[in-house]
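Data from start-v6.pdb: PDB, N, CA and C atoms
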```pdb
ATOM      1  N   MET A 115       0.842  -1.191   0.000
ATOM      2  CA  MET A 115       0.000   0.000   0.000
ATOM      3  C   MET A 115       0.885   1.253   0.000
ATOM      4  N   LYS A 116       1.911   1.243   0.848
ATOM      5  CA  LYS A 116       2.781   2.415   0.942
ATOM      6  C   LYS A 116       3.456   2.713  -0.397
ATOM      7  N   ASP A 117       3.956   1.676  -1.078
ATOM      8  CA  ASP A 117       4.621   1.880  -2.372
ATOM      9  C   ASP A 117       3.673   2.459  -3.407
ATOM     10  N   VAL A 118       2.452   1.947  -3.436
ATOM     11  CA  VAL A 118       1.453   2.448  -4.380
ATOM     12  C   VAL A 118       1.159   3.917  -4.093
ATOM     13  N   CYS A 119       1.016   4.257  -2.818
ATOM     14  CA  CYS A 119       0.729   5.649  -2.443
ATOM     15  C   CYS A 119       1.886   6.581  -2.792
ATOM     16  N   GLN A 120       3.107   6.101  -2.660
ATOM     17  CA  GLN A 120       4.252   6.934  -3.034
ATOM     18  C   GLN A 120       4.271   7.191  -4.542
ATOM     19  N   ASP A 121       3.866   6.201  -5.336
ATOM     20  CA  ASP A 121       3.759   6.401  -6.783
ATOM     21  C   ASP A 121       2.673   7.425  -7.107
ATOM     22  N   ILE A 122       1.540   7.338  -6.408
ATOM     23  CA  ILE A 122       0.454   8.304  -6.598
ATOM     24  C   ILE A 122       0.945   9.709  -6.252
ATOM     25  N   ALA A 123       1.680   9.828  -5.156
ATOM     26  CA  ALA A 123       2.179  11.125  -4.706
ATOM     27  C   ALA A 123       3.043  11.784  -5.777
ATOM     28  N   LEU A 124       3.904  11.013  -6.393
ATOM     29  CA  LEU A 124       4.781  11.564  -7.432
ATOM     30  C   LEU A 124       4.003  11.990  -8.669
ATOM     31  N   ARG A 125       3.014  11.225  -9.021
ATOM     32  CA  ARG A 125       2.264  11.476 -10.257
ATOM     33  C   ARG A 125       1.224  12.590 -10.127
ATOM     34  N   TYR A 126       0.626  12.742  -8.939
ATOM     35  CA  TYR A 126      -0.521  13.636  -8.787
ATOM     36  C   TYR A 126      -0.313  14.803  -7.816
ATOM     37  N   GLN A 127       0.886  15.158  -7.484
ATOM     38  CA  GLN A 127       1.147  16.277  -6.574
ATOM     39  C   GLN A 127       0.396  16.116  -5.250
ATOM     40  N   MET A 128       0.535  14.950  -4.670
ATOM     41  CA  MET A 128      -0.039  14.677  -3.352
ATOM     42  C   MET A 128       1.089  14.274  -2.422
ATOM     43  N   HIS A 129       0.875  14.494  -1.156
ATOM     44  CA  HIS A 129       1.859  14.135  -0.140
ATOM     45  C   HIS A 129       1.114  13.366   0.948
ATOM     46  N   PHE A 130       1.427  12.094   1.101
ATOM     47  CA  PHE A 130       0.773  11.269   2.112
ATOM     48  C   PHE A 130       1.465  11.514   3.452
ATOM     49  N   LEU A 131       0.814  12.269   4.320
ATOM     50  CA  LEU A 131       1.394  12.593   5.624
ATOM     51  C   LEU A 131       1.300  11.406   6.573
ATOM     52  N   GLU A 132       0.210  10.644   6.448
ATOM     53  CA  GLU A 132       0.076   9.448   7.280
ATOM     54  C   GLU A 132      -0.817   8.442   6.567
ATOM     55  N   ILE A 133      -0.427   7.181   6.681
ATOM     56  CA  ILE A 133      -1.239   6.065   6.216
ATOM     57  C   ILE A 133      -1.322   5.103   7.389
ATOM     58  N   GLY A 134      -2.531   4.741   7.761
ATOM     59  CA  GLY A 134      -2.695   3.824   8.883
ATOM     60  C   GLY A 134      -3.870   2.896   8.653
ATOM     61  N   THR A 135      -3.884   1.798   9.383
ATOM     62  CA  THR A 135      -4.981   0.841   9.282
ATOM     63  C   THR A 135      -5.451   0.454  10.671
ATOM     64  N   ASP A 136      -6.701   0.035  10.748
ATOM     65  CA  ASP A 136      -7.185  -0.658  11.933
ATOM     66  C   ASP A 136      -7.908  -1.899  11.424
ATOM     67  N   ASN A 137      -8.825  -2.418  12.176
ATOM     68  CA  ASN A 137      -9.472  -3.681  11.833
ATOM     69  C   ASN A 137      -9.915  -3.789  10.378
ATOM     70  N   ASP A 138     -10.697  -2.841   9.916
ATOM     71  CA  ASP A 138     -11.254  -2.949   8.572
ATOM     72  C   ASP A 138     -11.277  -1.614   7.832
ATOM     73  N   HIS A 139     -10.390  -0.710   8.197
ATOM     74  CA  HIS A 139     -10.334   0.605   7.561
ATOM     75  C   HIS A 139      -8.891   0.973   7.231
ATOM     76  N   VAL A 140      -8.752   1.825   6.234
ATOM     77  CA  VAL A 140      -7.467   2.451   5.949
ATOM     78  C   VAL A 140      -7.682   3.946   6.109
ATOM     79  N   HIS A 141      -6.752   4.609   6.758
ATOM     80  CA  HIS A 141      -6.853   6.049   6.999
ATOM     81  C   HIS A 141      -5.695   6.746   6.305
ATOM     82  N   PHE A 142      -6.032   7.784   5.542
ATOM     83  CA  PHE A 142      -5.020   8.573   4.849
ATOM     84  C   PHE A 142      -5.105  10.015   5.331
ATOM     85  N   LEU A 143      -3.966  10.610   5.577
ATOM     86  CA  LEU A 143      -3.874  12.044   5.809
ATOM     87  C   LEU A 143      -3.030  12.560   4.642
ATOM     88  N   ILE A 144      -3.681  13.308   3.744
ATOM     89  CA  ILE A 144      -3.060  13.684   2.474
ATOM     90  C   ILE A 144      -3.009  15.199   2.329
ATOM     91  N   GLN A 145      -1.868  15.688   1.898
ATOM     92  CA  GLN A 145      -1.711  17.100   1.537
ATOM     93  C   GLN A 145      -1.651  17.157   0.018
ATOM     94  N   SER A 146      -2.354  18.112  -0.571
ATOM     95  CA  SER A 146      -2.359  18.219  -2.029
ATOM     96  C   SER A 146      -2.469  19.675  -2.456
ATOM     97  N   VAL A 147      -2.309  19.881  -3.737
ATOM     98  CA  VAL A 147      -2.455  21.215  -4.301
ATOM     99  C   VAL A 147      -3.932  21.609  -4.292
ATOM    100  N   PRO A 148      -4.243  22.898  -4.188
ATOM    101  CA  PRO A 148      -5.645  23.316  -4.092
ATOM    102  C   PRO A 148      -6.456  23.141  -5.370
ATOM    103  N   THR A 149      -5.823  22.777  -6.462
ATOM    104  CA  THR A 149      -6.573  22.592  -7.708
ATOM    105  C   THR A 149      -7.339  21.272  -7.751
ATOM    106  N   TYR A 150      -7.026  20.347  -6.841
ATOM    107  CA  TYR A 150      -7.751  19.073  -6.763
ATOM    108  C   TYR A 150      -8.853  19.179  -5.725
ATOM    109  N   ALA A 151     -10.059  18.857  -6.121
ATOM    110  CA  ALA A 151     -11.168  18.781  -5.170
ATOM    111  C   ALA A 151     -10.945  17.561  -4.272
ATOM    112  N   PRO A 152     -11.344  17.647  -3.007
ATOM    113  CA  PRO A 152     -11.164  16.501  -2.107
ATOM    114  C   PRO A 152     -11.765  15.197  -2.642
ATOM    115  N   THR A 153     -12.917  15.268  -3.293
ATOM    116  CA  THR A 153     -13.512  14.043  -3.837
ATOM    117  C   THR A 153     -12.679  13.471  -4.986
ATOM    118  N   LYS A 154     -12.012  14.336  -5.738
ATOM    119  CA  LYS A 154     -11.133  13.856  -6.808
ATOM    120  C   LYS A 154      -9.938  13.128  -6.200
ATOM    121  N   ILE A 155      -9.406  13.642  -5.112
ATOM    122  CA  ILE A 155      -8.288  12.987  -4.424
ATOM    123  C   ILE A 155      -8.713  11.597  -3.960
ATOM    124  N   ALA A 156      -9.886  11.499  -3.341
ATOM    125  CA  ALA A 156     -10.390  10.201  -2.876
ATOM    126  C   ALA A 156     -10.554   9.239  -4.052
ATOM    127  N   ARG A 157     -11.102   9.709  -5.152
ATOM    128  CA  ARG A 157     -11.321   8.865  -6.332
ATOM    129  C   ARG A 157      -9.983   8.371  -6.897
ATOM    130  N   ILE A 158      -9.001   9.248  -6.989
ATOM    131  CA  ILE A 158      -7.680   8.867  -7.506
ATOM    132  C   ILE A 158      -7.057   7.804  -6.614
ATOM    133  N   VAL A 159      -7.023   8.056  -5.311
ATOM    134  CA  VAL A 159      -6.379   7.138  -4.370
ATOM    135  C   VAL A 159      -7.084   5.780  -4.373
ATOM    136  N   LYS A 160      -8.411   5.789  -4.299
ATOM    137  CA  LYS A 160      -9.147   4.532  -4.235
ATOM    138  C   LYS A 160      -9.012   3.722  -5.522
ATOM    139  N   SER A 161      -9.099   4.354  -6.670
ATOM    140  CA  SER A 161      -9.043   3.596  -7.924
ATOM    141  C   SER A 161      -7.645   3.029  -8.192
ATOM    142  N   ILE A 162      -6.621   3.823  -7.976
ATOM    143  CA  ILE A 162      -5.264   3.348  -8.267
ATOM    144  C   ILE A 162      -4.818   2.300  -7.259
ATOM    145  N   THR A 163      -5.101   2.506  -5.972
ATOM    146  CA  THR A 163      -4.682   1.503  -4.979
ATOM    147  C   THR A 163      -5.386   0.171  -5.222
ATOM    148  N   ALA A 164      -6.682   0.197  -5.533
ATOM    149  CA  ALA A 164      -7.406  -1.051  -5.798
ATOM    150  C   ALA A 164      -6.814  -1.771  -7.005
ATOM    151  N   ARG A 165      -6.626  -1.043  -8.097
ATOM    152  CA  ARG A 165      -6.087  -1.654  -9.313
ATOM    153  C   ARG A 165      -4.709  -2.270  -9.060
ATOM    154  N   GLU A 166      -3.847  -1.542  -8.359
ATOM    155  CA  GLU A 166      -2.491  -2.029  -8.103
ATOM    156  C   GLU A 166      -2.469  -3.224  -7.142
ATOM    157  N   ILE A 167      -3.290  -3.196  -6.132
ATOM    158  CA  ILE A 167      -3.327  -4.325  -5.189
ATOM    159  C   ILE A 167      -3.855  -5.577  -5.889
ATOM    160  N   PHE A 168      -4.896  -5.437  -6.716
ATOM    161  CA  PHE A 168      -5.415  -6.583  -7.460
ATOM    162  C   PHE A 168      -4.370  -7.119  -8.435
ATOM    163  N   ALA A 169      -3.591  -6.232  -9.041
ATOM    164  CA  ALA A 169      -2.547  -6.670  -9.984
ATOM    165  C   ALA A 169      -1.409  -7.388  -9.255
ATOM    166  N   ARG A 170      -1.064  -6.894  -8.070
ATOM    167  CA  ARG A 170       0.066  -7.469  -7.320
ATOM    168  C   ARG A 170      -0.320  -8.719  -6.536
ATOM    169  N   VAL A 171      -1.574  -8.770  -6.060
ATOM    170  CA  VAL A 171      -2.043  -9.900  -5.245
ATOM    171  C   VAL A 171      -3.438 -10.300  -5.749
ATOM    172  N   PRO A 172      -3.522 -11.019  -6.870
ATOM    173  CA  PRO A 172      -4.816 -11.320  -7.493
ATOM    174  C   PRO A 172      -5.793 -12.079  -6.603
ATOM    175  N   GLU A 173      -5.294 -12.885  -5.683
ATOM    176  CA  GLU A 173      -6.192 -13.670  -4.821
ATOM    177  C   GLU A 173      -7.013 -12.802  -3.870
ATOM    178  N   VAL A 174      -6.599 -11.565  -3.662
ATOM    179  CA  VAL A 174      -7.360 -10.657  -2.799
ATOM    180  C   VAL A 174      -8.755 -10.428  -3.368
ATOM    181  N   LYS A 175      -8.856 -10.248  -4.657
ATOM    182  CA  LYS A 175     -10.151  -9.962  -5.288
ATOM    183  C   LYS A 175     -11.148 -11.090  -5.045
ATOM    184  N   LYS A 176     -10.683 -12.332  -5.037
ATOM    185  CA  LYS A 176     -11.553 -13.487  -4.822
ATOM    186  C   LYS A 176     -12.113 -13.533  -3.400
ATOM    187  N   GLN A 177     -11.392 -12.946  -2.450
ATOM    188  CA  GLN A 177     -11.797 -12.983  -1.045
ATOM    189  C   GLN A 177     -12.760 -11.861  -0.683
ATOM    190  N   LEU A 178     -12.958 -10.910  -1.567
ATOM    191  CA  LEU A 178     -13.786  -9.744  -1.255
ATOM    192  C   LEU A 178     -15.212  -9.929  -1.743
ATOM    193  N   TRP A 179     -16.149  -9.388  -0.987
ATOM    194  CA  TRP A 179     -17.554  -9.422  -1.364
ATOM    195  C   TRP A 179     -17.755  -8.600  -2.627
ATOM    196  N   GLY A 180     -18.176  -9.240  -3.702
ATOM    197  CA  GLY A 180     -18.404  -8.542  -4.959
ATOM    198  C   GLY A 180     -17.125  -8.147  -5.675
ATOM    199  N   GLY A 181     -15.977  -8.545  -5.169
ATOM    200  CA  GLY A 181     -14.714  -8.238  -5.818
ATOM    201  C   GLY A 181     -14.291  -6.788  -5.759
ATOM    202  N   GLU A 182     -14.899  -6.002  -4.878
ATOM    203  CA  GLU A 182     -14.538  -4.587  -4.756
ATOM    204  C   GLU A 182     -13.637  -4.372  -3.550
ATOM    205  N   PHE A 183     -12.542  -3.646  -3.765
ATOM    206  CA  PHE A 183     -11.590  -3.389  -2.686
ATOM    207  C   PHE A 183     -12.090  -2.311  -1.724
ATOM    208  N   TRP A 184     -12.670  -1.255  -2.255
ATOM    209  CA  TRP A 184     -13.153  -0.135  -1.450
ATOM    210  C   TRP A 184     -14.672  -0.076  -1.461
ATOM    211  N   THR A 185     -15.253   0.433  -0.397
ATOM    212  CA  THR A 185     -16.676   0.750  -0.413
ATOM    213  C   THR A 185     -16.845   2.110  -1.087
ATOM    214  N   ASP A 186     -18.076   2.498  -1.315
ATOM    215  CA  ASP A 186     -18.329   3.813  -1.902
ATOM    216  C   ASP A 186     -18.189   4.928  -0.867
ATOM    217  N   ASP A 187     -18.132   4.574   0.410
ATOM    218  CA  ASP A 187     -18.079   5.554   1.491
ATOM    219  C   ASP A 187     -16.666   6.097   1.696
ATOM    220  N   HIS A 188     -16.612   7.322   2.173
ATOM    221  CA  HIS A 188     -15.360   7.920   2.625
ATOM    222  C   HIS A 188     -15.697   9.164   3.452
ATOM    223  N   TYR A 189     -14.771   9.535   4.301
ATOM    224  CA  TYR A 189     -14.910  10.758   5.094
ATOM    225  C   TYR A 189     -13.792  11.687   4.656
ATOM    226  N   ILE A 190     -14.144  12.934   4.378
ATOM    227  CA  ILE A 190     -13.152  13.924   3.967
ATOM    228  C   ILE A 190     -13.276  15.136   4.868
ATOM    229  N   SER A 191     -12.144  15.606   5.364
ATOM    230  CA  SER A 191     -12.095  16.857   6.099
ATOM    231  C   SER A 191     -10.912  17.647   5.560
ATOM    232  N   THR A 192     -11.085  18.936   5.463
ATOM    233  CA  THR A 192     -10.012  19.775   4.948
ATOM    234  C   THR A 192      -9.445  20.654   6.059
ATOM    235  N   VAL A 193      -8.220  21.088   5.866
ATOM    236  CA  VAL A 193      -7.547  21.977   6.806
ATOM    237  C   VAL A 193      -7.635  23.382   6.250
ATOM    238  N   GLY A 194      -8.019  24.309   7.079
ATOM    239  CA  GLY A 194      -8.132  25.690   6.632
ATOM    240  C   GLY A 194      -8.381  26.597   7.807
ATOM    241  N   ARG A 195      -9.141  27.638   7.560
ATOM    242  CA  ARG A 195      -9.406  28.644   8.580
ATOM    243  C   ARG A 195     -10.114  28.061   9.812
ATOM    244  N   ASN A 196     -11.047  27.143   9.586
ATOM    245  CA  ASN A 196     -11.870  26.632  10.683
ATOM    246  C   ASN A 196     -11.423  25.286  11.234
ATOM    247  N   ARG A 197     -10.459  24.651  10.624
ATOM    248  CA  ARG A 197     -10.034  23.329  11.088
ATOM    249  C   ARG A 197      -8.524  23.222  10.935
ATOM    250  N   SER A 198      -7.840  22.906  12.022
ATOM    251  CA  SER A 198      -6.384  22.845  11.991
ATOM    252  C   SER A 198      -5.905  21.454  11.578
ATOM    253  N   GLU A 199      -4.670  21.398  11.131
ATOM    254  CA  GLU A 199      -4.065  20.128  10.756
ATOM    255  C   GLU A 199      -4.016  19.181  11.949
ATOM    256  N   SER A 200      -3.716  19.710  13.122
ATOM    257  CA  SER A 200      -3.629  18.838  14.299
ATOM    258  C   SER A 200      -4.985  18.219  14.636
ATOM    259  N   ALA A 201      -6.074  18.956  14.426
ATOM    260  CA  ALA A 201      -7.415  18.406  14.684
ATOM    261  C   ALA A 201      -7.715  17.256  13.722
ATOM    262  N   VAL A 202      -7.359  17.408  12.452
ATOM    263  CA  VAL A 202      -7.594  16.344  11.481
ATOM    264  C   VAL A 202      -6.698  15.148  11.789
ATOM    265  N   THR A 203      -5.443  15.403  12.137
ATOM    266  CA  THR A 203      -4.524  14.326  12.494
ATOM    267  C   THR A 203      -5.052  13.535  13.685
ATOM    268  N   GLU A 204      -5.523  14.219  14.704
ATOM    269  CA  GLU A 204      -6.087  13.536  15.874
ATOM    270  C   GLU A 204      -7.324  12.724  15.505
ATOM    271  N   TYR A 205      -8.166  13.259  14.635
ATOM    272  CA  TYR A 205      -9.343  12.513  14.184
ATOM    273  C   TYR A 205      -8.919  11.194  13.539
ATOM    274  N   VAL A 206      -7.933  11.261  12.644
ATOM    275  CA  VAL A 206      -7.460  10.057  11.956
ATOM    276  C   VAL A 206      -6.909   9.057  12.960
ATOM    277  N   LYS A 207      -6.087   9.530  13.897
ATOM    278  CA  LYS A 207      -5.472   8.639  14.880
ATOM    279  C   LYS A 207      -6.493   8.007  15.812
ATOM    280  N   ASN A 208      -7.590   8.696  16.077
ATOM    281  CA  ASN A 208      -8.582   8.204  17.034
ATOM    282  C   ASN A 208      -9.664   7.344  16.396
ATOM    283  N   GLN A 209      -9.538   7.057  15.121
ATOM    284  CA  GLN A 209     -10.490   6.150  14.484
ATOM    285  C   GLN A 209     -10.136   4.719  14.870
ATOM    286  N   GLY A 210     -11.136   3.938  15.177
ATOM    287  CA  GLY A 210     -10.877   2.563  15.575
ATOM    288  C   GLY A 210     -10.316   2.510  16.981
ATOM    289  N   ILE A 211      -9.948   1.351  17.393
ATOM    290  CA  ILE A 211      -9.384   1.138  18.718
ATOM    291  C   ILE A 211      -7.885   1.354  18.649
ATOM    292  N   GLU A 212      -7.368   2.146  19.584
ATOM    293  CA  GLU A 212      -5.957   2.562  19.539
ATOM    294  C   GLU A 212      -4.999   1.381  19.386
ATOM    295  N   ARG A 213      -5.217   0.308  20.117
ATOM    296  CA  ARG A 213      -4.270  -0.805  20.046
ATOM    297  C   ARG A 213      -4.343  -1.545  18.707
ATOM    298  N   GLU A 214      -5.406  -1.302  17.927
ATOM    299  CA  GLU A 214      -5.538  -1.934  16.623
ATOM    300  C   GLU A 214      -5.006  -1.048  15.501
ATOM    301  N   TYR A 215      -4.798   0.242  15.760
ATOM    302  CA  TYR A 215      -4.330   1.160  14.728
ATOM    303  C   TYR A 215      -2.853   0.910  14.464
ATOM    304  N   VAL A 216      -2.518   0.705  13.198
ATOM    305  CA  VAL A 216      -1.134   0.470  12.803
ATOM    306  C   VAL A 216      -0.737   1.558  11.814
ATOM    307  N   ARG A 217       0.270   2.347  12.175
ATOM    308  CA  ARG A 217       0.766   3.399  11.287
ATOM    309  C   ARG A 217       1.702   2.747  10.278
ATOM    310  N   LEU A 218       1.360   2.846   9.000
ATOM    311  CA  LEU A 218       2.175   2.279   7.944
ATOM    312  C   LEU A 218       3.189   3.272   7.401
ATOM    313  N   HIS A 219       2.870   4.565   7.561
ATOM    314  CA  HIS A 219       3.715   5.597   6.964
ATOM    315  C   HIS A 219       3.423   6.925   7.639
ATOM    316  N   GLN A 220       4.463   7.748   7.831
ATOM    317  CA  GLN A 220       4.270   9.086   8.380
ATOM    318  C   GLN A 220       5.345  10.018   7.859
ATOM    319  N   GLU A 221       4.927  11.245   7.468
ATOM    320  CA  GLU A 221       5.854  12.272   6.997
ATOM    321  C   GLU A 221       5.390  13.623   7.503
ATOM    322  N   GLN A 222       6.229  14.631   7.358
ATOM    323  CA  GLN A 222       5.907  15.987   7.730
ATOM    324  C   GLN A 222       5.313  16.714   6.524
ATOM    325  N   PRO A 223       4.427  17.690   6.749
ATOM    326  CA  PRO A 223       3.884  18.484   5.635
ATOM    327  C   PRO A 223       4.999  19.222   4.901
ATOM    328  N   THR A 224       4.760  19.472   3.619
ATOM    329  CA  THR A 224       5.732  20.212   2.806
ATOM    330  C   THR A 224       5.011  21.299   2.034
ATOM    331  N   LEU A 225       5.766  22.196   1.471
ATOM    332  CA  LEU A 225       5.219  23.206   0.575
ATOM    333  C   LEU A 225       5.457  22.718  -0.845
ATOM    334  N   PHE A 226       4.457  22.847  -1.711
ATOM    335  CA  PHE A 226       4.610  22.400  -3.100
ATOM    336  C   PHE A 226       5.350  23.444  -3.890
TER     337      PHE A 226
END
```
Any chance you could give the structure as structure tokens?
Amino acid sequence: MKDVCQDIALRYQMHFLEIGTDNDHVHFLIQSVPTYAPTKIARIVKSITAREIFARVPEVKKQLWGGEFWTDDHYISTVGRNRSESAVTEYVKNQGIEREYVRLHQEQPTLF
């Protein structure tokens, strides 16, 4: 997952600040250029990661209900005047049970 996300970051001007998992969720904290709408970022990440995981580990698709890697659901929050980066980071970290959350990747924010 981390390798796929790093490829996405290079291609689409995104910076994955944190990638983590718990029981049945993946959490991304992503910094991107303002020209991408948050829903476009979610669509890019979900479509490319699913395609790459199925290509690298084909048996995963057989184990999934309906052969879909991601659900249609997602939660998006942006950082700006009314919401700080630390608040969003804490939200991501507090999803799921703490002892089940596994941080796969972490970086510091950058300027594009």
Quick check, in Å to one decimal: how far apart do CA of Ile155 (chain A) and CA of Met128 (chain A) lie?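 Calculated distance between CA of Ile155 (chain A) and CA of Met128 (chain A) is 8.5 Å.
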List the neighbours of Ser161 (chain A) out to 12 Å using only C-alpha atoms; skip same-chain residues closer than 2 positions along the sequence, and give me the result as number ranges by chain. A: 118-119, 122, 154-159, 163-168, 182-186
Chain A: which residues are strand (DSSP E) by DSSP, as a VMD selection string? chain A and resid 128 to 135 140 to 146 216 to 220
In Å, rounded to a single decimal, give me how far CA of Ala123 (chain A) is from CA of Pro152 (chain A).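 Separation between CA of Pro152 (chain A) and CA of Ala123 (chain A): 14.6 Å.
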So which residues get picked by the PyMOL selection byres ((chain A and resi 218) around 6.5) here, written as a PyMOL selection string? chain A and resi 132-135+216-217+219-220
